[in-house]
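Novice: Have a peek at input_38.cif (mmCIF, C-alpha atoms).
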```
data_final
#
loop_
_atom_site.group_PDB
_atom_site.id
_atom_site.type_symbol
_atom_site.label_atom_id
_atom_site.label_comp_id
_atom_site.auth_asym_id
_atom_site.auth_seq_id
_atom_site.Cartn_x
_atom_site.Cartn_y
_atom_site.Cartn_z
ATOM 1 C CA MET V 1 97.191 40.445 96.009
ATOM 2 C CA ASN V 2 95.241 37.375 95.027
ATOM 3 C CA ASP V 3 97.260 34.497 93.708
ATOM 4 C CA THR V 4 96.227 31.650 91.454
ATOM 5 C CA LYS V 5 97.402 28.322 90.121
ATOM 6 C CA LYS V 6 94.816 28.427 87.337
ATOM 7 C CA PRO V 7 96.352 29.119 83.898
ATOM 8 C CA LEU V 8 96.071 32.742 82.820
ATOM 9 C CA HIS V 9 94.622 32.560 79.330
ATOM 10 C CA LYS V 10 92.214 35.523 79.411
ATOM 11 C CA LEU V 11 93.082 38.642 81.368
ATOM 12 C CA VAL V 12 91.093 41.845 81.898
ATOM 13 C CA VAL V 13 93.130 45.056 82.143
ATOM 14 C CA PHE V 14 91.137 47.923 83.668
ATOM 15 C CA ASP V 15 91.742 51.661 83.689
ATOM 16 C CA SER V 16 89.703 54.842 83.738
ATOM 17 C CA GLY V 17 91.027 55.740 80.277
ATOM 18 C CA ILE V 18 94.134 55.296 78.144
ATOM 19 C CA GLY V 19 96.663 55.088 80.981
ATOM 20 C CA GLY V 20 96.332 51.333 81.343
ATOM 21 C CA LEU V 21 97.541 50.914 77.774
ATOM 22 C CA SER V 22 101.045 51.422 79.169
ATOM 23 C CA VAL V 23 100.477 48.322 81.323
ATOM 24 C CA LEU V 24 98.792 46.340 78.548
ATOM 25 C CA GLN V 25 101.765 46.893 76.213
ATOM 26 C CA GLU V 26 104.083 45.299 78.782
ATOM 27 C CA LEU V 27 101.725 42.443 79.667
ATOM 28 C CA MET V 28 101.490 41.555 75.979
ATOM 29 C CA LYS V 29 105.072 40.289 76.274
ATOM 30 C CA LEU V 30 103.717 37.403 78.360
ATOM 31 C CA PRO V 31 102.292 34.184 76.842
ATOM 32 C CA ILE V 32 98.654 35.096 77.506
ATOM 33 C CA LYS V 33 96.114 34.205 74.821
ATOM 34 C CA GLU V 34 93.557 36.963 75.245
ATOM 35 C CA PHE V 35 93.338 40.419 76.767
ATOM 36 C CA VAL V 36 90.236 42.481 77.395
ATOM 37 C CA TYR V 37 91.101 46.150 77.775
ATOM 38 C CA CYS V 38 88.318 47.714 79.812
ATOM 39 C CA ALA V 39 88.196 51.495 80.300
ATOM 40 C CA ASP V 40 85.585 53.811 81.757
ATOM 41 C CA THR V 41 86.272 56.499 79.186
ATOM 42 C CA ALA V 42 82.849 58.075 79.694
ATOM 43 C CA HIS V 43 83.898 59.188 83.180
ATOM 44 C CA VAL V 44 87.656 59.773 82.929
ATOM 45 C CA PRO V 45 89.384 61.280 84.891
ATOM 46 C CA TYR V 46 88.769 59.437 88.150
ATOM 47 C CA GLY V 47 91.156 61.618 90.137
ATOM 48 C CA ASP V 48 88.649 64.409 90.773
ATOM 49 C CA LYS V 49 85.840 62.102 91.931
ATOM 50 C CA THR V 50 84.802 61.030 95.422
ATOM 51 C CA PRO V 51 85.714 57.560 96.727
ATOM 52 C CA ASP V 52 82.081 56.455 96.484
ATOM 53 C CA GLU V 53 81.891 57.610 92.863
ATOM 54 C CA ILE V 54 85.124 55.823 91.971
ATOM 55 C CA ILE V 55 83.969 52.585 93.590
ATOM 56 C CA SER V 56 80.562 52.752 91.888
ATOM 57 C CA LEU V 57 81.940 53.568 88.435
ATOM 58 C CA THR V 58 84.673 50.939 88.601
ATOM 59 C CA MET V 59 82.315 48.187 89.738
ATOM 60 C CA LYS V 60 79.672 49.075 87.151
ATOM 61 C CA THR V 61 82.248 48.960 84.353
ATOM 62 C CA LEU V 62 83.815 45.700 85.509
ATOM 63 C CA LEU V 63 80.465 43.954 85.974
ATOM 64 C CA SER V 64 79.877 44.440 82.255
ATOM 65 C CA VAL V 65 82.962 42.392 81.303
ATOM 66 C CA ILE V 66 83.674 39.924 84.123
ATOM 67 C CA ASP V 67 82.314 36.472 83.321
ATOM 68 C CA PRO V 68 83.406 32.856 83.978
ATOM 69 C CA SER V 69 85.797 32.930 81.004
ATOM 70 C CA ILE V 70 88.006 35.535 82.705
ATOM 71 C CA ASP V 71 91.082 34.086 84.446
ATOM 72 C CA GLY V 72 92.333 37.265 86.123
ATOM 73 C CA LEU V 73 92.013 41.028 86.457
ATOM 74 C CA VAL V 74 94.726 43.678 86.517
ATOM 75 C CA LEU V 75 93.722 47.039 87.966
ATOM 76 C CA ALA V 76 95.974 49.166 85.765
ATOM 77 C CA CYS V 77 94.795 52.337 87.509
ATOM 78 C CA HIS V 78 96.446 53.585 90.690
ATOM 79 C CA THR V 79 93.294 55.407 91.774
ATOM 80 C CA ALA V 80 91.116 52.302 91.435
ATOM 81 C CA SER V 81 93.881 50.190 92.982
ATOM 82 C CA SER V 82 93.972 52.469 96.016
ATOM 83 C CA LEU V 83 90.229 52.794 96.540
ATOM 84 C CA VAL V 84 88.453 49.804 94.979
ATOM 85 C CA TYR V 85 90.754 46.775 95.335
ATOM 86 C CA GLU V 86 89.141 45.400 98.491
ATOM 87 C CA THR V 87 85.623 45.899 97.091
ATOM 88 C CA ILE V 88 86.540 44.030 93.920
ATOM 89 C CA THR V 89 88.141 41.097 95.706
ATOM 90 C CA GLN V 90 85.027 40.774 97.872
ATOM 91 C CA ALA V 91 82.715 40.991 94.866
ATOM 92 C CA PHE V 92 84.729 38.404 92.882
ATOM 93 C CA PRO V 93 86.215 36.134 95.576
ATOM 94 C CA HIS V 94 87.330 33.436 93.120
ATOM 95 C CA LEU V 95 88.896 35.837 90.594
ATOM 96 C CA PRO V 96 92.628 36.589 90.919
ATOM 97 C CA VAL V 97 93.047 40.371 91.076
ATOM 98 C CA TRP V 98 96.297 42.330 90.930
ATOM 99 C CA ASN V 99 96.640 46.056 91.485
ATOM 100 C CA VAL V 100 99.389 48.425 90.389
ATOM 101 C CA MET V 101 99.659 50.296 93.685
ATOM 102 C CA GLU V 102 101.238 47.607 95.856
ATOM 103 C CA PRO V 103 104.190 46.571 93.658
ATOM 104 C CA ALA V 104 105.028 50.222 92.982
ATOM 105 C CA ALA V 105 105.074 51.074 96.681
ATOM 106 C CA ARG V 106 107.064 47.966 97.601
ATOM 107 C CA SER V 107 109.572 48.629 94.855
ATOM 108 C CA ALA V 108 110.067 52.210 96.028
ATOM 109 C CA ALA V 109 110.603 51.096 99.614
ATOM 110 C CA HIS V 110 113.296 48.631 98.562
ATOM 111 C CA THR V 111 114.898 50.903 95.931
ATOM 112 C CA SER V 112 115.406 54.116 97.876
ATOM 113 C CA LEU V 113 118.795 54.438 99.532
ATOM 114 C CA ASN V 114 118.172 57.598 101.537
ATOM 115 C CA LYS V 115 114.526 56.652 102.221
ATOM 116 C CA ARG V 116 113.275 59.944 100.799
ATOM 117 C CA ILE V 117 110.557 59.030 98.330
ATOM 118 C CA GLY V 118 108.328 61.175 96.138
ATOM 119 C CA ILE V 119 104.923 60.161 94.777
ATOM 120 C CA ILE V 120 102.985 61.793 91.956
ATOM 121 C CA GLY V 121 99.402 60.776 91.252
ATOM 122 C CA THR V 122 95.832 61.921 90.866
ATOM 123 C CA SER V 123 94.166 63.950 93.582
ATOM 124 C CA ALA V 124 92.134 60.934 94.726
ATOM 125 C CA THR V 125 95.176 58.657 94.819
ATOM 126 C CA ILE V 126 97.233 61.118 96.830
ATOM 127 C CA ALA V 127 94.377 61.891 99.214
ATOM 128 C CA HIS V 128 93.925 58.191 99.977
ATOM 129 C CA SER V 129 97.691 57.750 100.705
ATOM 130 C CA ARG V 130 97.764 53.991 100.097
ATOM 131 C CA HIS V 131 101.193 54.168 98.457
ATOM 132 C CA LYS V 132 102.535 56.082 101.447
ATOM 133 C CA GLN V 133 101.076 53.694 104.002
ATOM 134 C CA THR V 134 102.360 50.646 102.141
ATOM 135 C CA ILE V 135 105.866 52.122 102.076
ATOM 136 C CA LEU V 136 105.731 52.997 105.773
ATOM 137 C CA ASN V 137 104.680 49.447 106.595
ATOM 138 C CA ILE V 138 107.983 48.337 105.063
ATOM 139 C CA GLU V 139 110.172 51.329 105.992
ATOM 140 C CA PRO V 140 108.667 53.086 109.042
ATOM 141 C CA ASP V 141 111.375 55.764 108.972
ATOM 142 C CA ALA V 142 110.874 56.694 105.319
ATOM 143 C CA TYR V 143 110.271 60.349 104.471
ATOM 144 C CA ILE V 144 107.552 60.570 101.844
ATOM 145 C CA ILE V 145 106.459 63.647 99.940
ATOM 146 C CA GLN V 146 103.311 63.365 97.819
ATOM 147 C CA GLN V 147 102.096 65.572 94.986
ATOM 148 C CA ALA V 148 98.671 65.549 93.376
ATOM 149 C CA CYS V 149 98.800 66.364 89.655
ATOM 150 C CA PRO V 150 95.203 67.167 88.643
ATOM 151 C CA ASP V 151 96.059 68.715 85.269
ATOM 152 C CA LEU V 152 98.000 65.785 83.825
ATOM 153 C CA VAL V 153 95.308 63.208 83.014
ATOM 154 C CA PRO V 154 93.092 65.729 81.161
ATOM 155 C CA LEU V 155 96.134 66.831 79.158
ATOM 156 C CA ILE V 156 97.069 63.230 78.317
ATOM 157 C CA GLU V 157 93.490 62.271 77.460
ATOM 158 C CA ALA V 158 93.060 65.255 75.108
ATOM 159 C CA PRO V 159 92.769 64.436 71.387
ATOM 160 C CA GLN V 160 96.150 66.100 70.862
ATOM 161 C CA LEU V 161 98.800 66.351 73.577
ATOM 162 C CA ASP V 162 99.801 69.948 74.270
ATOM 163 C CA ILE V 163 103.523 69.448 74.814
ATOM 164 C CA ASP V 164 104.228 72.917 76.206
ATOM 165 C CA ALA V 165 101.308 72.828 78.660
ATOM 166 C CA THR V 166 102.273 69.314 79.760
ATOM 167 C CA LYS V 167 105.900 70.297 80.337
ATOM 168 C CA ALA V 168 104.777 73.320 82.352
ATOM 169 C CA ALA V 169 102.466 71.182 84.495
ATOM 170 C CA LEU V 170 105.186 68.594 85.118
ATOM 171 C CA HIS V 171 107.630 71.317 86.127
ATOM 172 C CA ARG V 172 105.055 72.771 88.522
ATOM 173 C CA TYR V 173 104.355 69.412 90.148
ATOM 174 C CA ILE V 174 107.756 67.723 90.212
ATOM 175 C CA THR V 175 110.151 70.585 90.977
ATOM 176 C CA PRO V 176 108.943 70.964 94.603
ATOM 177 C CA LEU V 177 109.585 67.248 95.183
ATOM 178 C CA LEU V 178 113.183 67.589 94.035
ATOM 179 C CA ALA V 179 113.775 70.195 96.747
ATOM 180 C CA HIS V 180 113.223 67.443 99.340
ATOM 181 C CA SER V 181 116.293 65.488 98.123
ATOM 182 C CA ILE V 182 114.259 62.454 97.070
ATOM 183 C CA ASP V 183 116.207 59.672 95.409
ATOM 184 C CA THR V 184 113.134 57.731 94.263
ATOM 185 C CA LEU V 185 109.925 58.848 92.556
ATOM 186 C CA ILE V 186 106.814 56.723 92.092
ATOM 187 C CA ILE V 187 104.930 57.369 88.874
ATOM 188 C CA GLY V 188 101.629 56.847 90.663
ATOM 189 C CA CYS V 189 99.332 57.042 87.651
ATOM 190 C CA THR V 190 99.590 54.844 84.581
ATOM 191 C CA HIS V 191 98.584 57.792 82.387
ATOM 192 C CA TYR V 192 101.876 59.445 83.312
ATOM 193 C CA GLU V 193 103.776 56.481 81.856
ATOM 194 C CA LEU V 194 102.660 57.733 78.437
ATOM 195 C CA ILE V 195 104.683 60.942 78.938
ATOM 196 C CA ARG V 196 107.807 59.357 80.403
ATOM 197 C CA ASN V 197 109.821 61.095 77.684
ATOM 198 C CA LEU V 198 108.855 64.416 79.293
ATOM 199 C CA ILE V 199 109.346 63.259 82.886
ATOM 200 C CA ASN V 200 112.819 61.742 82.435
ATOM 201 C CA PRO V 201 114.760 64.928 81.620
ATOM 202 C CA LEU V 202 113.027 66.846 84.399
ATOM 203 C CA VAL V 203 113.913 64.261 87.041
ATOM 204 C CA GLY V 204 117.406 63.453 85.842
ATOM 205 C CA LYS V 205 119.471 60.283 86.105
ATOM 206 C CA ASP V 206 120.120 60.368 89.845
ATOM 207 C CA ILE V 207 116.512 59.701 90.851
ATOM 208 C CA ALA V 208 115.064 56.219 90.431
ATOM 209 C CA LEU V 209 111.708 56.274 88.678
ATOM 210 C CA ILE V 210 109.347 53.537 89.844
ATOM 211 C CA SER V 211 107.438 52.495 86.746
ATOM 212 C CA THR V 212 104.427 50.191 87.085
ATOM 213 C CA PRO V 213 104.208 48.356 83.719
ATOM 214 C CA PRO V 214 107.426 46.297 84.020
ATOM 215 C CA LEU V 215 106.638 45.558 87.664
ATOM 216 C CA MET V 216 103.284 44.033 86.685
ATOM 217 C CA THR V 217 104.883 41.922 83.968
ATOM 218 C CA ALA V 218 107.485 40.629 86.416
ATOM 219 C CA LEU V 219 104.748 39.907 88.954
ATOM 220 C CA LEU V 220 102.687 37.786 86.567
ATOM 221 C CA TYR V 221 105.555 36.077 84.737
ATOM 222 C CA PRO V 222 105.946 33.182 87.233
ATOM 223 C CA LEU V 223 102.271 32.323 86.682
ATOM 224 C CA VAL V 224 102.582 31.997 82.902
ATOM 225 C CA GLU V 225 106.213 31.065 82.238
ATOM 226 C CA ASN V 226 105.270 27.492 81.275
ATOM 227 C CA GLN V 227 102.514 28.532 78.880
ATOM 228 C CA ASP V 228 103.058 28.445 75.124
ATOM 229 C CA ILE V 229 103.938 31.716 73.450
ATOM 230 C CA VAL V 230 101.005 32.957 71.388
ATOM 231 C CA LYS V 231 99.902 36.001 69.440
ATOM 232 C CA PRO V 232 97.337 37.509 71.796
ATOM 233 C CA VAL V 233 93.796 38.407 70.873
ATOM 234 C CA ILE V 234 92.888 41.855 72.149
ATOM 235 C CA SER V 235 89.360 43.137 72.605
ATOM 236 C CA ILE V 236 88.405 46.639 73.668
ATOM 237 C CA HIS V 237 85.529 47.558 75.983
ATOM 238 C CA VAL V 238 85.060 51.258 76.664
ATOM 239 C CA THR V 239 82.105 53.132 78.121
ATOM 240 C CA GLY V 240 82.578 56.177 75.878
ATOM 241 C CA PRO V 241 82.815 56.469 72.068
ATOM 242 C CA GLN V 242 84.971 53.637 70.757
ATOM 243 C CA ILE V 243 86.113 55.521 67.662
ATOM 244 C CA SER V 244 87.578 58.316 69.775
ATOM 245 C CA PHE V 245 89.328 55.781 72.005
ATOM 246 C CA LEU V 246 90.804 53.871 69.058
ATOM 247 C CA GLN V 247 92.117 57.103 67.563
ATOM 248 C CA LYS V 248 93.842 57.917 70.833
ATOM 249 C CA LEU V 249 95.104 54.339 71.155
ATOM 250 C CA ASN V 250 96.633 54.592 67.690
ATOM 251 C CA SER V 251 98.514 57.729 68.727
ATOM 252 C CA VAL V 252 99.915 56.466 72.057
ATOM 253 C CA ALA V 253 100.198 52.687 71.592
ATOM 254 C CA PRO V 254 99.917 51.742 67.907
ATOM 255 C CA ALA V 255 101.658 48.380 68.501
ATOM 256 C CA ILE V 256 98.545 47.144 70.285
ATOM 257 C CA LEU V 257 96.444 47.562 67.134
ATOM 258 C CA GLN V 258 98.984 45.558 65.166
ATOM 259 C CA LYS V 259 98.471 42.473 67.327
#
```
Let me see whether you can do it: turn the structure in this file into structure tokens.

Specialist:
Amino acid sequence: MNDTKKPLHKLVVFDSGIGGLSVLQELMKLPIKEFVYCADTAHVPYGDKTPDEIISLTMKTLLSVIDPSIDGLVLACHTASSLVYETITQAFPHLPVWNVMEPAARSAAHTSLNKRIGIIGTSATIAHSRHKQTILNIEPDAYIIQQACPDLVPLIEAPQLDIDATKAALHRYITPLLAHSIDTLIIGCTHYELIRNLINPLVGKDIALISTPPLMTALLYPLVENQDIVKPVISIHVTGPQISFLQKLNSVAPAILQK
């Protein structure tokens, strides 16, 4: 990940849709003056798209918001983090960029005691296997079982969450992982953070859940710990209808609108 000694006053948080709001809510605990939440809601979900499509869509969306006033960029999307990070750092060589994939994978590698680690994510994220490779670079003997969850993001992005359908999908995706005696599970999509209340009882207390939002806050804290605490200004940039996005935002993260 890029590092910086420049003060972080204005930070872009990118996601394909509403999933990155789970990261934004945590980052708002830091003394950062301004956040730009940038989401490609016109093309969500990213998980069913080709790598070339994901790279093109991500870059097009980011080019519309990145300017000299931006001090840093957080890729709050595991799919974009896995497939587009290198392209972004090459396109913006002087812009600090952090992705959610690396800290999640590193945390899982260091957390697991039996080195049996599960990963849930979008189809594109799982197919690219960046989480798995990052873990294996740290723990070559780790046993990793991955599960693509193509139904979850559409369910979470729907105007109204279908609780029963979401529970059924989670059971279908996660139960096979539990049969492999994993002791650690990476929540490899920030959308899934918004349904943690449904994931927790299914996984149980004996499996460590690797959650991205607090990891990102811990990662950036040393860069801003000496900055004055402020009430952040938050602006929203979405590629789809803004009214629809704000309605969904109000249902999943109303605290953001109160800032």

Novice: Could you jot down the atom CA of V:Ser181 to atom CA of V:Leu194 separation for me, Å, one decimal place?

Specialist: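 Pair atom CA of V:Ser181 / atom CA of V:Leu194 returns 25.2 Å.
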
Novice: I need the residue set behind the PyMOL selection byres ((chain V and resi 84) around 12) for this file; please write it as a VMD selection string.

Specialist: chain V and resid 14 to 15 46 50 to 60 62 75 to 83 85 to 91 97 to 101 124 to 125 128 130

Novice: Quick one: which residues end up in the PyMOL selection byres ((chain V and resi 134) around 10) for this structure, as an mmCIF file with C-alpha atoms, keeping the file's coordinate frame?

Specialist:
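Okay, this is what ended up in part_16.cif:
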```cif
data_model
loop_
_atom_site.group_PDB
_atom_site.id
_atom_site.type_symbol
_atom_site.label_atom_id
_atom_site.label_comp_id
_atom_site.auth_asym_id
_atom_site.auth_seq_id
_atom_site.Cartn_x
_atom_site.Cartn_y
_atom_site.Cartn_z
ATOM 1 C CA MET V 101 99.659 50.296 93.685
ATOM 2 C CA GLU V 102 101.238 47.607 95.856
ATOM 3 C CA PRO V 103 104.190 46.571 93.658
ATOM 4 C CA ALA V 104 105.028 50.222 92.982
ATOM 5 C CA ALA V 105 105.074 51.074 96.681
ATOM 6 C CA ARG V 106 107.064 47.966 97.601
ATOM 7 C CA ALA V 108 110.067 52.210 96.028
ATOM 8 C CA ALA V 109 110.603 51.096 99.614
ATOM 9 C CA SER V 129 97.691 57.750 100.705
ATOM 10 C CA ARG V 130 97.764 53.991 100.097
ATOM 11 C CA HIS V 131 101.193 54.168 98.457
ATOM 12 C CA LYS V 132 102.535 56.082 101.447
ATOM 13 C CA GLN V 133 101.076 53.694 104.002
ATOM 14 C CA ILE V 135 105.866 52.122 102.076
ATOM 15 C CA LEU V 136 105.731 52.997 105.773
ATOM 16 C CA ASN V 137 104.680 49.447 106.595
ATOM 17 C CA ILE V 138 107.983 48.337 105.063
ATOM 18 C CA GLU V 139 110.172 51.329 105.992
ATOM 19 C CA PRO V 140 108.667 53.086 109.042
#
```

Novice: Please report the interatomic distance between atom CA of V:Asp183 and atom CA of V:Arg116 in Å with one decimal.

Specialist: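 Calculated distance between atom CA of V:Asp183 and atom CA of V:Arg116 is 6.1 Å.
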
Novice: Quick check, in Å to one decimal: how far apart do atom CA of V:Ser251 and atom CA of V:Leu161 lie?

Specialist: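 These two atoms are separated by 9.9 Å.
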
Novice: Contacts of V:Pro31 at 9 Å or less, counting all atoms listed in the file, minus same-chain residues fewer than 4 places along, as a PDB file with C-alpha atoms, in the coordinates of the input?

Specialist:
```pdb
ATOM      1  CA  LEU V   8      96.071  32.742  82.820  1.00  0.00           C
ATOM      2  CA  HIS V   9      94.622  32.560  79.330  1.00  0.00           C
ATOM      3  CA  LEU V  27     101.725  42.443  79.667  1.00  0.00           C
ATOM      4  CA  TYR V 221     105.555  36.077  84.737  1.00  0.00           C
ATOM      5  CA  VAL V 224     102.582  31.997  82.902  1.00  0.00           C
ATOM      6  CA  GLU V 225     106.213  31.065  82.238  1.00  0.00           C
ATOM      7  CA  ASN V 226     105.270  27.492  81.275  1.00  0.00           C
ATOM      8  CA  GLN V 227     102.514  28.532  78.880  1.00  0.00           C
ATOM      9  CA  ASP V 228     103.058  28.445  75.124  1.00  0.00           C
ATOM     10  CA  ILE V 229     103.938  31.716  73.450  1.00  0.00           C
ATOM     11  CA  VAL V 230     101.005  32.957  71.388  1.00  0.00           C
ATOM     12  CA  LYS V 231      99.902  36.001  69.440  1.00  0.00           C
ATOM     13  CA  PRO V 232      97.337  37.509  71.796  1.00  0.00           C
TER      14      PRO V 232
END
```

Novice: Hey, which of V:Pro96, V:Lys33, V:Pro159, V:Thr212 ends up closest to V:Asn250? Count only C-alpha atoms.

Specialist: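 Ranking V:Pro96, V:Lys33, V:Pro159, V:Thr212 by distance to V:Asn250, first place goes to V:Pro159.
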
Novice: Using only C-alpha atoms, find the one residue out of V:Ile18, V:Leu170, V:Ile32, V:Ile119 that sits nearest to V:Ile156.

Specialist: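 Smallest distance to V:Ile156 is found for V:Ile18.
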